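Next comes work_21.cif, with mmCIF, C-alpha atoms and all ligand atoms.
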data_structure
#
loop_
_atom_site.group_PDB
_atom_site.id
_atom_site.type_symbol
_atom_site.label_atom_id
_atom_site.label_comp_id
_atom_site.auth_asym_id
_atom_site.auth_seq_id
_atom_site.Cartn_x
_atom_site.Cartn_y
_atom_site.Cartn_z
ATOM 1 C CA MET A 18 -21.276 132.368 -45.467
ATOM 2 C CA ARG A 19 -24.658 133.536 -44.166
ATOM 3 C CA GLY A 20 -25.583 133.477 -40.478
ATOM 4 C CA LEU A 21 -28.338 134.841 -38.235
ATOM 5 C CA VAL A 22 -26.446 136.760 -35.580
ATOM 6 C CA PHE A 23 -27.845 138.222 -32.367
ATOM 7 C CA THR A 24 -25.842 140.990 -30.743
ATOM 8 C CA ASP A 25 -28.108 143.735 -29.455
ATOM 9 C CA GLN A 26 -30.410 143.014 -32.365
ATOM 10 C CA LEU A 27 -31.032 140.202 -34.801
ATOM 11 C CA GLU A 28 -29.186 140.501 -38.097
ATOM 12 C CA LEU A 29 -28.795 138.261 -41.134
ATOM 13 C CA LYS A 30 -25.139 138.584 -42.119
ATOM 14 C CA ARG A 31 -23.887 137.408 -45.502
ATOM 15 C CA ASP A 32 -20.170 137.986 -45.196
ATOM 16 C CA LEU A 33 -19.198 135.751 -42.266
ATOM 17 C CA GLU A 34 -15.773 134.145 -42.481
ATOM 18 C CA SER A 35 -15.562 130.453 -43.263
ATOM 19 C CA LEU A 36 -14.942 128.220 -40.253
ATOM 20 C CA SER A 37 -11.776 126.363 -39.327
ATOM 21 C CA ILE A 38 -12.376 122.982 -37.692
ATOM 22 C CA PRO A 39 -11.010 122.417 -34.151
ATOM 23 C CA PRO A 40 -9.827 118.916 -33.114
ATOM 24 C CA GLY A 41 -12.699 116.464 -32.552
ATOM 25 C CA GLU A 42 -15.243 118.627 -34.337
ATOM 26 C CA ALA A 43 -17.292 118.309 -37.512
ATOM 27 C CA LEU A 44 -18.179 121.020 -40.020
ATOM 28 C CA ILE A 45 -21.912 120.655 -40.671
ATOM 29 C CA ARG A 46 -23.930 122.164 -43.536
ATOM 30 C CA SER A 47 -27.417 123.170 -42.341
ATOM 31 C CA LEU A 48 -30.451 121.699 -44.134
ATOM 32 C CA VAL A 49 -33.391 122.709 -41.910
ATOM 33 C CA VAL A 50 -33.272 124.561 -38.575
ATOM 34 C CA GLY A 51 -36.203 125.126 -36.200
ATOM 35 C CA ILE A 52 -36.961 128.290 -34.234
ATOM 36 C CA CYS A 53 -37.382 127.416 -30.547
ATOM 37 C CA ASN A 54 -38.844 129.484 -27.713
ATOM 38 C CA THR A 55 -35.314 129.629 -26.325
ATOM 39 C CA ASP A 56 -34.219 131.470 -29.502
ATOM 40 C CA ILE A 57 -37.031 133.958 -29.033
ATOM 41 C CA GLU A 58 -36.041 134.455 -25.396
ATOM 42 C CA ILE A 59 -32.398 135.003 -26.383
ATOM 43 C CA VAL A 60 -33.568 137.743 -28.778
ATOM 44 C CA ARG A 61 -35.531 139.280 -25.892
ATOM 45 C CA GLY A 62 -32.257 139.360 -23.955
ATOM 46 C CA TYR A 63 -33.152 136.730 -21.328
ATOM 47 C CA PHE A 64 -30.128 134.467 -21.797
ATOM 48 C CA GLY A 65 -27.292 136.922 -22.277
ATOM 49 C CA PHE A 66 -26.076 134.991 -25.339
ATOM 50 C CA GLN A 67 -24.571 136.813 -28.295
ATOM 51 C CA GLY A 68 -23.659 135.082 -31.530
ATOM 52 C CA ILE A 69 -25.284 132.854 -34.147
ATOM 53 C CA LEU A 70 -28.587 131.372 -32.930
ATOM 54 C CA GLY A 71 -30.038 127.917 -33.542
ATOM 55 C CA HIS A 72 -29.879 124.523 -31.832
ATOM 56 C CA GLU A 73 -32.653 122.479 -33.472
ATOM 57 C CA PHE A 74 -31.098 121.308 -36.737
ATOM 58 C CA VAL A 75 -30.678 118.627 -39.313
ATOM 59 C CA GLY A 76 -27.605 118.908 -41.504
ATOM 60 C CA VAL A 77 -24.955 117.094 -43.511
ATOM 61 C CA VAL A 78 -21.388 116.605 -42.289
ATOM 62 C CA GLU A 79 -19.164 118.362 -44.825
ATOM 63 C CA LYS A 80 -15.804 117.739 -43.177
ATOM 64 C CA CYS A 81 -14.660 115.849 -40.105
ATOM 65 C CA PRO A 82 -10.889 115.369 -40.247
ATOM 66 C CA ASP A 83 -10.731 113.350 -36.991
ATOM 67 C CA ALA A 84 -13.594 111.007 -37.889
ATOM 68 C CA PRO A 85 -13.980 111.019 -41.691
ATOM 69 C CA GLN A 86 -16.562 108.203 -41.507
ATOM 70 C CA TRP A 87 -19.083 110.958 -40.664
ATOM 71 C CA GLU A 88 -18.497 112.899 -43.885
ATOM 72 C CA GLY A 89 -21.581 112.938 -46.132
ATOM 73 C CA LYS A 90 -23.866 111.650 -43.372
ATOM 74 C CA ARG A 91 -27.171 113.381 -42.594
ATOM 75 C CA VAL A 92 -27.112 114.131 -38.875
ATOM 76 C CA VAL A 93 -28.776 115.668 -35.850
ATOM 77 C CA GLY A 94 -26.791 116.434 -32.713
ATOM 78 C CA GLU A 95 -26.995 116.928 -28.996
ATOM 79 C CA ILE A 96 -26.594 120.586 -28.181
ATOM 80 C CA ASN A 97 -24.157 120.286 -25.259
ATOM 81 C CA ALA A 98 -20.493 120.049 -26.242
ATOM 82 C CA TRP A 99 -18.963 118.498 -23.129
ATOM 83 C CA CYS A 100 -15.314 118.162 -22.093
ATOM 84 C CA GLY A 101 -15.149 114.406 -21.431
ATOM 85 C CA GLU A 102 -12.647 114.848 -18.599
ATOM 86 C CA CYS A 103 -14.484 116.251 -15.561
ATOM 87 C CA PRO A 104 -16.292 114.268 -12.808
ATOM 88 C CA ALA A 105 -19.716 114.987 -14.385
ATOM 89 C CA CYS A 106 -18.574 113.609 -17.740
ATOM 90 C CA HIS A 107 -16.948 110.583 -16.055
ATOM 91 C CA ARG A 108 -20.176 109.660 -14.321
ATOM 92 C CA GLY A 109 -22.125 109.902 -17.594
ATOM 93 C CA ASP A 110 -23.812 113.254 -16.904
ATOM 94 C CA GLU A 111 -22.319 114.923 -19.958
ATOM 95 C CA SER A 112 -25.241 117.317 -20.373
ATOM 96 C CA HIS A 113 -24.293 118.722 -16.937
ATOM 97 C CA CYS A 114 -20.582 119.111 -17.698
ATOM 98 C CA PRO A 115 -19.571 122.414 -16.054
ATOM 99 C CA ASN A 116 -17.152 123.061 -18.922
ATOM 100 C CA ARG A 117 -19.766 122.588 -21.646
ATOM 101 C CA THR A 118 -20.680 124.994 -24.397
ATOM 102 C CA THR A 119 -24.208 124.818 -25.790
ATOM 103 C CA LEU A 120 -25.015 125.196 -29.476
ATOM 104 C CA GLY A 121 -26.499 128.624 -30.153
ATOM 105 C CA ILE A 122 -27.199 129.185 -26.433
ATOM 106 C CA PHE A 123 -23.948 129.418 -24.491
ATOM 107 C CA GLY A 124 -20.357 129.904 -25.631
ATOM 108 C CA ARG A 125 -20.824 128.358 -29.100
ATOM 109 C CA ASP A 126 -22.280 129.678 -32.367
ATOM 110 C CA GLY A 127 -25.439 127.888 -33.454
ATOM 111 C CA ALA A 128 -26.903 126.263 -36.538
ATOM 112 C CA MET A 129 -28.714 129.220 -38.141
ATOM 113 C CA ALA A 130 -25.863 129.618 -40.603
ATOM 114 C CA ASP A 131 -24.804 127.903 -43.810
ATOM 115 C CA TYR A 132 -22.189 125.985 -41.779
ATOM 116 C CA PHE A 133 -21.520 125.371 -38.096
ATOM 117 C CA LEU A 134 -19.372 123.205 -35.815
ATOM 118 C CA LEU A 135 -20.118 120.468 -33.256
ATOM 119 C CA PRO A 136 -17.986 117.658 -31.770
ATOM 120 C CA HIS A 137 -18.567 114.473 -33.802
ATOM 121 C CA ARG A 138 -19.176 112.534 -30.571
ATOM 122 C CA VAL A 139 -22.547 114.284 -30.048
ATOM 123 C CA LEU A 140 -23.817 113.517 -33.583
ATOM 124 C CA TYR A 141 -26.459 110.944 -34.553
ATOM 125 C CA GLU A 142 -27.033 109.703 -38.084
ATOM 126 C CA VAL A 143 -30.624 110.249 -39.229
ATOM 127 C CA PRO A 144 -32.285 107.098 -40.632
ATOM 128 C CA ASN A 145 -33.560 107.345 -44.238
ATOM 129 C CA SER A 146 -37.099 106.788 -42.945
ATOM 130 C CA VAL A 147 -36.989 110.164 -41.163
ATOM 131 C CA SER A 148 -37.463 113.274 -43.337
ATOM 132 C CA ASP A 149 -35.618 116.548 -42.763
ATOM 133 C CA GLU A 150 -38.736 118.238 -41.382
ATOM 134 C CA GLU A 151 -39.205 115.363 -38.924
ATOM 135 C CA ALA A 152 -35.519 115.137 -37.963
ATOM 136 C CA VAL A 153 -35.405 118.810 -37.005
ATOM 137 C CA PHE A 154 -37.716 117.909 -34.081
ATOM 138 C CA THR A 155 -35.254 115.383 -32.615
ATOM 139 C CA GLU A 156 -33.861 117.785 -30.013
ATOM 140 C CA PRO A 157 -37.197 118.946 -28.516
ATOM 141 C CA LEU A 158 -38.614 115.409 -28.803
ATOM 142 C CA ALA A 159 -35.575 114.086 -26.909
ATOM 143 C CA ALA A 160 -36.358 116.624 -24.171
ATOM 144 C CA ALA A 161 -39.853 115.105 -23.951
ATOM 145 C CA CYS A 162 -38.347 111.588 -23.836
ATOM 146 C CA GLU A 163 -36.355 112.654 -20.769
ATOM 147 C CA ILE A 164 -39.555 112.496 -18.645
ATOM 148 C CA PRO A 165 -40.101 108.699 -18.734
ATOM 149 C CA ASP A 166 -36.328 108.344 -18.160
ATOM 150 C CA GLN A 167 -36.622 110.317 -14.911
ATOM 151 C CA VAL A 168 -40.027 109.207 -13.583
ATOM 152 C CA SER A 169 -41.431 105.716 -13.814
ATOM 153 C CA ILE A 170 -44.899 105.987 -15.364
ATOM 154 C CA ARG A 171 -47.267 103.045 -14.998
ATOM 155 C CA PRO A 172 -50.472 102.444 -17.009
ATOM 156 C CA GLN A 173 -52.610 103.083 -13.905
ATOM 157 C CA ASP A 174 -50.982 106.485 -13.253
ATOM 158 C CA ARG A 175 -53.048 109.624 -13.730
ATOM 159 C CA VAL A 176 -50.825 112.084 -15.585
ATOM 160 C CA VAL A 177 -51.518 115.695 -16.620
ATOM 161 C CA VAL A 178 -49.482 117.868 -18.985
ATOM 162 C CA VAL A 179 -50.021 121.598 -18.386
ATOM 163 C CA GLY A 180 -49.382 123.639 -21.540
ATOM 164 C CA ASP A 181 -50.244 123.180 -25.210
ATOM 165 C CA GLY A 182 -47.174 124.834 -26.716
ATOM 166 C CA LYS A 183 -44.684 122.900 -28.847
ATOM 167 C CA LEU A 184 -43.018 121.197 -25.892
ATOM 168 C CA GLY A 185 -46.330 120.355 -24.202
ATOM 169 C CA LEU A 186 -47.633 118.734 -27.386
ATOM 170 C CA LEU A 187 -44.458 116.635 -27.737
ATOM 171 C CA CYS A 188 -44.472 115.635 -24.044
ATOM 172 C CA ALA A 189 -48.131 114.600 -24.340
ATOM 173 C CA GLN A 190 -47.456 112.337 -27.326
ATOM 174 C CA VAL A 191 -44.492 110.678 -25.603
ATOM 175 C CA LEU A 192 -46.419 110.127 -22.343
ATOM 176 C CA HIS A 193 -49.433 108.783 -24.255
ATOM 177 C CA LEU A 194 -47.215 105.906 -25.449
ATOM 178 C CA THR A 195 -46.786 104.713 -21.840
ATOM 179 C CA GLY A 196 -50.505 103.867 -21.735
ATOM 180 C CA CYS A 197 -51.053 106.063 -18.662
ATOM 181 C CA GLU A 198 -54.302 107.953 -18.004
ATOM 182 C CA LEU A 199 -53.308 111.229 -19.638
ATOM 183 C CA VAL A 200 -55.051 114.618 -19.799
ATOM 184 C CA VAL A 201 -53.526 117.732 -21.376
ATOM 185 C CA VAL A 202 -54.623 121.116 -20.026
ATOM 186 C CA GLY A 203 -54.260 124.000 -22.487
ATOM 187 C CA LYS A 204 -55.597 127.341 -23.668
ATOM 188 C CA HIS A 205 -55.906 126.791 -27.407
ATOM 189 C CA LEU A 206 -58.653 124.596 -28.837
ATOM 190 C CA GLU A 207 -56.904 124.228 -32.204
ATOM 191 C CA LYS A 208 -53.687 123.000 -30.580
ATOM 192 C CA LEU A 209 -55.529 120.590 -28.298
ATOM 193 C CA ASP A 210 -57.327 119.283 -31.409
ATOM 194 C CA LEU A 211 -53.967 117.990 -32.693
ATOM 195 C CA LEU A 212 -53.860 115.749 -29.614
ATOM 196 C CA ARG A 213 -57.530 114.783 -29.606
ATOM 197 C CA ASN A 214 -57.059 113.546 -33.175
ATOM 198 C CA ARG A 215 -54.525 111.104 -31.732
ATOM 199 C CA GLY A 216 -56.864 109.872 -28.999
ATOM 200 C CA ILE A 217 -55.389 111.992 -26.202
ATOM 201 C CA LYS A 218 -57.822 113.529 -23.692
ATOM 202 C CA THR A 219 -57.637 117.295 -23.315
ATOM 203 C CA CYS A 220 -59.148 119.952 -21.101
ATOM 204 C CA LEU A 221 -59.470 123.701 -21.734
ATOM 205 C CA LEU A 222 -58.319 126.020 -18.985
ATOM 206 C CA GLY A 223 -61.474 127.223 -17.260
ATOM 207 C CA ASP A 224 -63.202 123.834 -17.526
ATOM 208 C CA SER A 225 -63.173 121.736 -14.385
ATOM 209 C CA LEU A 226 -59.612 120.522 -13.997
ATOM 210 C CA PRO A 227 -58.493 117.048 -12.941
ATOM 211 C CA GLY A 228 -57.511 116.607 -9.269
ATOM 212 C CA GLY A 229 -55.611 113.988 -7.294
ATOM 213 C CA VAL A 230 -53.135 113.584 -10.135
ATOM 214 C CA ASP A 231 -50.093 111.296 -9.685
ATOM 215 C CA ILE A 232 -47.718 113.122 -12.049
ATOM 216 C CA VAL A 233 -48.059 116.652 -13.475
ATOM 217 C CA VAL A 234 -45.716 117.840 -16.217
ATOM 218 C CA GLU A 235 -45.447 121.635 -16.188
ATOM 219 C CA ALA A 236 -44.620 122.780 -19.723
ATOM 220 C CA THR A 237 -45.766 126.407 -19.696
ATOM 221 C CA GLY A 238 -42.746 128.054 -18.100
ATOM 222 C CA ASN A 239 -44.933 130.546 -16.269
ATOM 223 C CA GLU A 240 -45.908 130.859 -12.641
ATOM 224 C CA ASP A 241 -49.615 130.274 -13.336
ATOM 225 C CA GLY A 242 -48.734 126.937 -14.895
ATOM 226 C CA PHE A 243 -46.855 125.930 -11.778
ATOM 227 C CA GLN A 244 -49.783 126.956 -9.541
ATOM 228 C CA LEU A 245 -52.114 124.819 -11.669
ATOM 229 C CA ALA A 246 -49.738 121.874 -11.368
ATOM 230 C CA ARG A 247 -49.640 122.415 -7.622
ATOM 231 C CA GLN A 248 -53.471 122.401 -7.401
ATOM 232 C CA MET A 249 -53.845 119.207 -9.414
ATOM 233 C CA VAL A 250 -51.093 117.014 -7.978
ATOM 234 C CA ARG A 251 -52.010 114.642 -5.161
ATOM 235 C CA PRO A 252 -50.075 114.444 -1.868
ATOM 236 C CA ARG A 253 -46.851 112.473 -2.487
ATOM 237 C CA GLY A 254 -47.333 113.107 -6.209
ATOM 238 C CA THR A 255 -44.681 114.366 -8.636
ATOM 239 C CA ILE A 256 -44.372 117.636 -10.538
ATOM 240 C CA VAL A 257 -41.957 117.586 -13.489
ATOM 241 C CA LEU A 258 -40.741 121.072 -14.432
ATOM 242 C CA LYS A 259 -40.084 121.008 -18.169
ATOM 243 C CA SER A 260 -39.687 124.732 -18.927
ATOM 244 C CA THR A 261 -37.397 127.378 -17.579
ATOM 245 C CA TYR A 262 -39.070 130.384 -15.923
ATOM 246 C CA HIS A 263 -38.636 134.100 -16.489
ATOM 247 C CA GLY A 264 -37.647 135.799 -13.271
ATOM 248 C CA THR A 265 -38.362 134.060 -9.972
ATOM 249 C CA PRO A 266 -41.812 132.533 -9.555
ATOM 250 C CA GLN A 267 -43.433 132.750 -6.119
ATOM 251 C CA ILE A 268 -43.868 129.215 -4.843
ATOM 252 C CA ASP A 269 -45.440 128.149 -1.545
ATOM 253 C CA LEU A 270 -42.691 125.745 -0.548
ATOM 254 C CA SER A 271 -44.385 124.896 2.760
ATOM 255 C CA MET A 272 -47.203 123.199 0.869
ATOM 256 C CA ILE A 273 -44.618 121.189 -1.061
ATOM 257 C CA VAL A 274 -43.300 119.993 2.326
ATOM 258 C CA VAL A 275 -46.697 119.331 3.902
ATOM 259 C CA ASP A 276 -47.940 117.358 0.899
ATOM 260 C CA GLU A 277 -44.522 115.710 0.340
ATOM 261 C CA ILE A 278 -44.491 116.632 -3.353
ATOM 262 C CA ARG A 279 -41.556 115.517 -5.479
ATOM 263 C CA LEU A 280 -40.300 118.337 -7.746
ATOM 264 C CA ILE A 281 -38.179 117.191 -10.679
ATOM 265 C CA GLY A 282 -36.309 119.507 -13.035
ATOM 266 C CA SER A 283 -36.078 118.142 -16.576
ATOM 267 C CA ARG A 284 -34.075 119.422 -19.545
ATOM 268 C CA CYS A 285 -32.243 117.657 -22.398
ATOM 269 C CA GLY A 286 -32.999 114.039 -23.220
ATOM 270 C CA PRO A 287 -31.990 110.929 -25.171
ATOM 271 C CA PHE A 288 -31.567 111.455 -28.933
ATOM 272 C CA GLY A 289 -31.566 107.721 -29.729
ATOM 273 C CA ALA A 290 -35.046 107.287 -28.248
ATOM 274 C CA ALA A 291 -36.347 110.363 -30.073
ATOM 275 C CA LEU A 292 -35.012 109.167 -33.444
ATOM 276 C CA ARG A 293 -36.618 105.740 -32.885
ATOM 277 C CA LEU A 294 -40.007 107.385 -32.207
ATOM 278 C CA LEU A 295 -39.670 109.484 -35.374
ATOM 279 C CA SER A 296 -38.567 106.513 -37.459
ATOM 280 C CA SER A 297 -41.435 104.306 -36.264
ATOM 281 C CA LYS A 298 -43.929 107.209 -36.735
ATOM 282 C CA GLN A 299 -45.192 106.751 -33.168
ATOM 283 C CA VAL A 300 -45.063 110.508 -32.704
ATOM 284 C CA ASP A 301 -46.394 113.037 -35.212
ATOM 285 C CA VAL A 302 -44.304 116.170 -35.417
ATOM 286 C CA THR A 303 -45.198 117.515 -38.864
ATOM 287 C CA SER A 304 -48.614 118.750 -37.673
ATOM 288 C CA LEU A 305 -46.678 121.082 -35.323
ATOM 289 C CA ILE A 306 -45.138 122.957 -38.276
ATOM 290 C CA SER A 307 -46.907 126.306 -38.626
ATOM 291 C CA ASP A 308 -44.710 127.737 -41.362
ATOM 292 C CA ARG A 309 -41.367 127.444 -43.150
ATOM 293 C CA PHE A 310 -39.235 130.151 -44.728
ATOM 294 C CA PRO A 311 -36.094 130.236 -46.871
ATOM 295 C CA PHE A 312 -33.136 131.206 -44.669
ATOM 296 C CA ASP A 313 -32.872 134.539 -46.502
ATOM 297 C CA GLU A 314 -36.236 135.429 -44.892
ATOM 298 C CA ALA A 315 -35.095 134.473 -41.389
ATOM 299 C CA LEU A 316 -36.080 137.829 -39.870
ATOM 300 C CA THR A 317 -39.659 137.441 -41.158
ATOM 301 C CA ALA A 318 -39.631 133.879 -39.848
ATOM 302 C CA PHE A 319 -38.732 135.127 -36.368
ATOM 303 C CA GLN A 320 -41.603 137.621 -36.465
ATOM 304 C CA LYS A 321 -43.933 134.801 -37.425
ATOM 305 C CA ALA A 322 -42.623 132.552 -34.632
ATOM 306 C CA ARG A 323 -43.391 135.255 -32.065
ATOM 307 C CA GLU A 324 -47.063 135.512 -33.094
ATOM 308 C CA ASN A 325 -49.649 134.150 -30.720
ATOM 309 C CA GLY A 326 -50.839 130.638 -31.475
ATOM 310 C CA VAL A 327 -47.973 129.819 -33.849
ATOM 311 C CA LEU A 328 -46.219 126.498 -33.277
ATOM 312 C CA LYS A 329 -42.966 125.498 -35.031
ATOM 313 C CA VAL A 330 -41.453 127.755 -37.699
ATOM 314 C CA LEU A 331 -38.678 126.196 -39.797
ATOM 315 C CA LEU A 332 -35.807 127.763 -41.758
ATOM 316 C CA ASP A 333 -34.842 126.097 -45.055
ATOM 317 C CA PHE A 334 -31.269 126.305 -46.290
HETATM 318 ZN ZN ZN A 401 -34.969 124.472 -28.049
HETATM 319 ZN ZN ZN A 402 -17.007 117.604 -18.563
#

Please lay out the structure from this file as structure tokens.
Amino acid sequence: MRGLVFTDQLELKRDLESLSIPPGEALIRSLVVGICNTDIEIVRGYFGFQGILGHEFVGVVEKCPDAPQWEGKRVVGEINAWCGECPACHRGDESHCPNRTTLGIFGRDGAMADYFLLPHRVLYEVPNSVSDEEAVFTEPLAAACEIPDQVSIRPQDRVVVVGDGKLGLLCAQVLHLTGCELVVVGKHLEKLDLLRNRGIKTCLLGDSLPGGVDIVVEATGNEDGFQLARQMVRPRGTIVLKSTYHGTPQIDLSMIVVDEIRLIGSRCGPFGAALRLLSSKQVDVTSLISDRFPFDEALTAFQKARENGVLKVLLDF
């Protein structure tokens, strides 16, 4: 089978051995897989992962000996394969299981291959009303849906999303549904236009920024983004950190204390909620697709995904 393998460089291999299925796992045939910033960072060497990339997928279950009812189903899946036996798993925090492997990110080959493996207990069937190119956004959309799960957002709340990348655009659409007073701060007019077309207020960096904000969602993953969030949030306000950071950003923690700011880290989220938003068309993901390539052109697709201003690039199997 074919697979996009990262060792010290990215390579499309065509002679990978077929997979044997461990207990509790499903063999999944890839249909469409998205390239995520995390994939690009792995290729830059930031994560220390080596193996087959890819964690944003939609596929079809080919074989699942332990749960054959899944066979033939079109699925998406959570990316954390948890153990089910440790204290974290017992308290329902499976995505924080210390024994977990993570699809295409840590200890487990990913979905940028003709076939891959995941435990059947992390799979979700995709409703017929959701197309492949929509379903492939379930994982990042679920990450956006994690925010209203962690922070209660009321219609009177002033909320700002910093960042107009893929994740920022998804977070903005999810937060807009709460009816809060939302502004998105970004650098790219054409990306902000995607939101303005949906009735979401936006603000270009350099314009006068909102102040006294109740909740700021930081979705840039760079130190400047955090500083902006810090400037805009009101005392006793909340900053939600939605992106991981390269290196160690310099943060004035004393000001966090003085202003009694709540800092909330936010990562993976609920797949059920994300699939419902896709099915009911309350969130538009297809306008985030910049390009799609046949899997055989995966290396070109990665080059494209690294270009400035490009949003989601998809791989077709
Ligand atoms: Zn991702
Ligand atoms: Zn566990």

Hey, could you make a per-residue contact list for chain A against ligand ZN 402 (chain A) with 12 Å as the cut-off, showing the nearest pair of atoms and its distance in Å to one decimal, counting all atoms listed in the file, sorted by chain and number, as JSON lines?
{"residue": "A:Asn97", "atom": "CA", "partner": "A:ZN402", "partner_atom": "ZN", "distance": 10.2}
{"residue": "A:Ala98", "atom": "CA", "partner": "A:ZN402", "partner_atom": "ZN", "distance": 8.8}
{"residue": "A:Trp99", "atom": "CA", "partner": "A:ZN402", "partner_atom": "ZN", "distance": 5.0}
{"residue": "A:Cys100", "atom": "CA", "partner": "A:ZN402", "partner_atom": "ZN", "distance": 4.0}
{"residue": "A:Gly101", "atom": "CA", "partner": "A:ZN402", "partner_atom": "ZN", "distance": 4.7}
{"residue": "A:Glu102", "atom": "CA", "partner": "A:ZN402", "partner_atom": "ZN", "distance": 5.2}
{"residue": "A:Cys103", "atom": "CA", "partner": "A:ZN402", "partner_atom": "ZN", "distance": 4.1}
{"residue": "A:Pro104", "atom": "CA", "partner": "A:ZN402", "partner_atom": "ZN", "distance": 6.7}
{"residue": "A:Ala105", "atom": "CA", "partner": "A:ZN402", "partner_atom": "ZN", "distance": 5.6}
{"residue": "A:Cys106", "atom": "CA", "partner": "A:ZN402", "partner_atom": "ZN", "distance": 4.4}
{"residue": "A:His107", "atom": "CA", "partner": "A:ZN402", "partner_atom": "ZN", "distance": 7.5}
{"residue": "A:Arg108", "atom": "CA", "partner": "A:ZN402", "partner_atom": "ZN", "distance": 9.5}
{"residue": "A:Gly109", "atom": "CA", "partner": "A:ZN402", "partner_atom": "ZN", "distance": 9.3}
{"residue": "A:Asp110", "atom": "CA", "partner": "A:ZN402", "partner_atom": "ZN", "distance": 8.2}
{"residue": "A:Glu111", "atom": "CA", "partner": "A:ZN402", "partner_atom": "ZN", "distance": 6.1}
{"residue": "A:Ser112", "atom": "CA", "partner": "A:ZN402", "partner_atom": "ZN", "distance": 8.4}
{"residue": "A:His113", "atom": "CA", "partner": "A:ZN402", "partner_atom": "ZN", "distance": 7.5}
{"residue": "A:Cys114", "atom": "CA", "partner": "A:ZN402", "partner_atom": "ZN", "distance": 4.0}
{"residue": "A:Pro115", "atom": "CA", "partner": "A:ZN402", "partner_atom": "ZN", "distance": 6.0}
{"residue": "A:Asn116", "atom": "CA", "partner": "A:ZN402", "partner_atom": "ZN", "distance": 5.5}
{"residue": "A:Arg117", "atom": "CA", "partner": "A:ZN402", "partner_atom": "ZN", "distance": 6.5}
{"residue": "A:Thr118", "atom": "CA", "partner": "A:ZN402", "partner_atom": "ZN", "distance": 10.1}

| From the list A:Asp56, A:Glu163, A:Glu150, A:Glu314, which residue is nearest A:Val234 when using only C-alpha atoms? | A:Glu163

| query | the PyMOL selection byres (((not hetatm)) within 8 of (chain A and resi 401)) on the file shown: which residues, as a list in words? | reply |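 Those residues are Ile52, Cys53, Asn54, Thr55, Asp56, His72, Glu73, Glu156 and Pro157 of chain A.
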
| field | Pick from A:His263, A:His193, A:Lys204, A:Lys218, whichever lies nearest to A:Val300 using all atoms listed in the file | value | A:His193

| task | Please identify all polymer residues within 12 Å of A:Ala315, counting only C-alpha atoms, omitting same-chain residues fewer than 4 positions from it, and present them as an MDAnalysis selection string. | result | chainID A and resid 19:22 27:30 49:52 70:71 129:130 308:311 319:322 330:334

| query | On this structure, which residues satisfy the PyMOL selection byres (((chain A and resi 298) around 12) and not hetatm), written as a ChimeraX atom specification? | reply | /A:146-148,151-152,190-191,194,291-297,299-303

| message | Applying 12 Å and all atoms listed in the file, which residues near A:Arg213 remain after dropping the ones on its own chain fewer than 6 positions away? List them as number ranges by chain. | response | A: 181, 186, 189-190, 193, 199-202, 206-207, 219-220

Please save C-alpha atoms of the selected residues as an mmCIF file, in the frame of the given file.
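That gives us selection_3.cif:
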data_model
loop_
_atom_site.group_PDB
_atom_site.id
_atom_site.type_symbol
_atom_site.label_atom_id
_atom_site.label_comp_id
_atom_site.auth_asym_id
_atom_site.auth_seq_id
_atom_site.Cartn_x
_atom_site.Cartn_y
_atom_site.Cartn_z
ATOM 1 C CA ASP A 181 -50.244 123.180 -25.210
ATOM 2 C CA LEU A 186 -47.633 118.734 -27.386
ATOM 3 C CA ALA A 189 -48.131 114.600 -24.340
ATOM 4 C CA GLN A 190 -47.456 112.337 -27.326
ATOM 5 C CA HIS A 193 -49.433 108.783 -24.255
ATOM 6 C CA LEU A 199 -53.308 111.229 -19.638
ATOM 7 C CA VAL A 200 -55.051 114.618 -19.799
ATOM 8 C CA VAL A 201 -53.526 117.732 -21.376
ATOM 9 C CA VAL A 202 -54.623 121.116 -20.026
ATOM 10 C CA LEU A 206 -58.653 124.596 -28.837
ATOM 11 C CA GLU A 207 -56.904 124.228 -32.204
ATOM 12 C CA THR A 219 -57.637 117.295 -23.315
ATOM 13 C CA CYS A 220 -59.148 119.952 -21.101
#

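Considering all atoms listed in the file, the residue among A:Gly127, A:Pro136, A:Pro252, A:Gly203 positioned nearest to A:Met272 is A:Pro252.
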
| message | I'd like to know which of A:Asp241, A:Glu235, A:Glu79, A:Asp276 is closest to A:Val179, using all atoms listed in the file. | response |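 When distances to A:Val179 are compared using all atoms listed in the file, the smallest one comes from A:Glu235.
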
| field | Residue among A:Gly282, A:Gly228, A:Gly242, A:Pro39 lying closest to A:Gly254, counting all atoms listed in the file | value |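 Of the candidates, the smallest distance to A:Gly254 is held by A:Gly228.
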
| request: Quick one: residues within 10 Å of (-37.3, 123.5, -18.2) (file frame), counting all atoms listed in the file, please, as a PyMOL selection string. | output: chain A and resi 160+184+235-238+257-262+281-285

Please write the residues picked by the PyMOL selection byres (((chain A and resi 175) around 6) and not hetatm) on this file as a PDB file with C-alpha atoms, in the frame of the given file.
ATOM      1  CA  ASP A 174     -50.982 106.485 -13.253  1.00  0.00           C
ATOM      2  CA  VAL A 176     -50.825 112.084 -15.585  1.00  0.00           C
ATOM      3  CA  GLU A 198     -54.302 107.953 -18.004  1.00  0.00           C
ATOM      4  CA  VAL A 230     -53.135 113.584 -10.135  1.00  0.00           C
ATOM      5  CA  ASP A 231     -50.093 111.296  -9.685  1.00  0.00           C
TER       6      ASP A 231
END

| Interatomic distance, atom CA of A:Val139 to atom CA of A:Phe288 (Å, one decimal) |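 Computed distance, atom CA of A:Val139 to atom CA of A:Phe288, equals 9.5 Å.
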
| request: Skip A:Ser35 itself and residues of its chain fewer than 5 positions away, then list as a list in words all residues within 12 Å of it, counting only C-alpha atoms. | output: Met18, Arg19, Gly20, Leu44, Ile45, Arg46, Ala130, Asp131, Tyr132, Phe133 and Leu134 of chain A
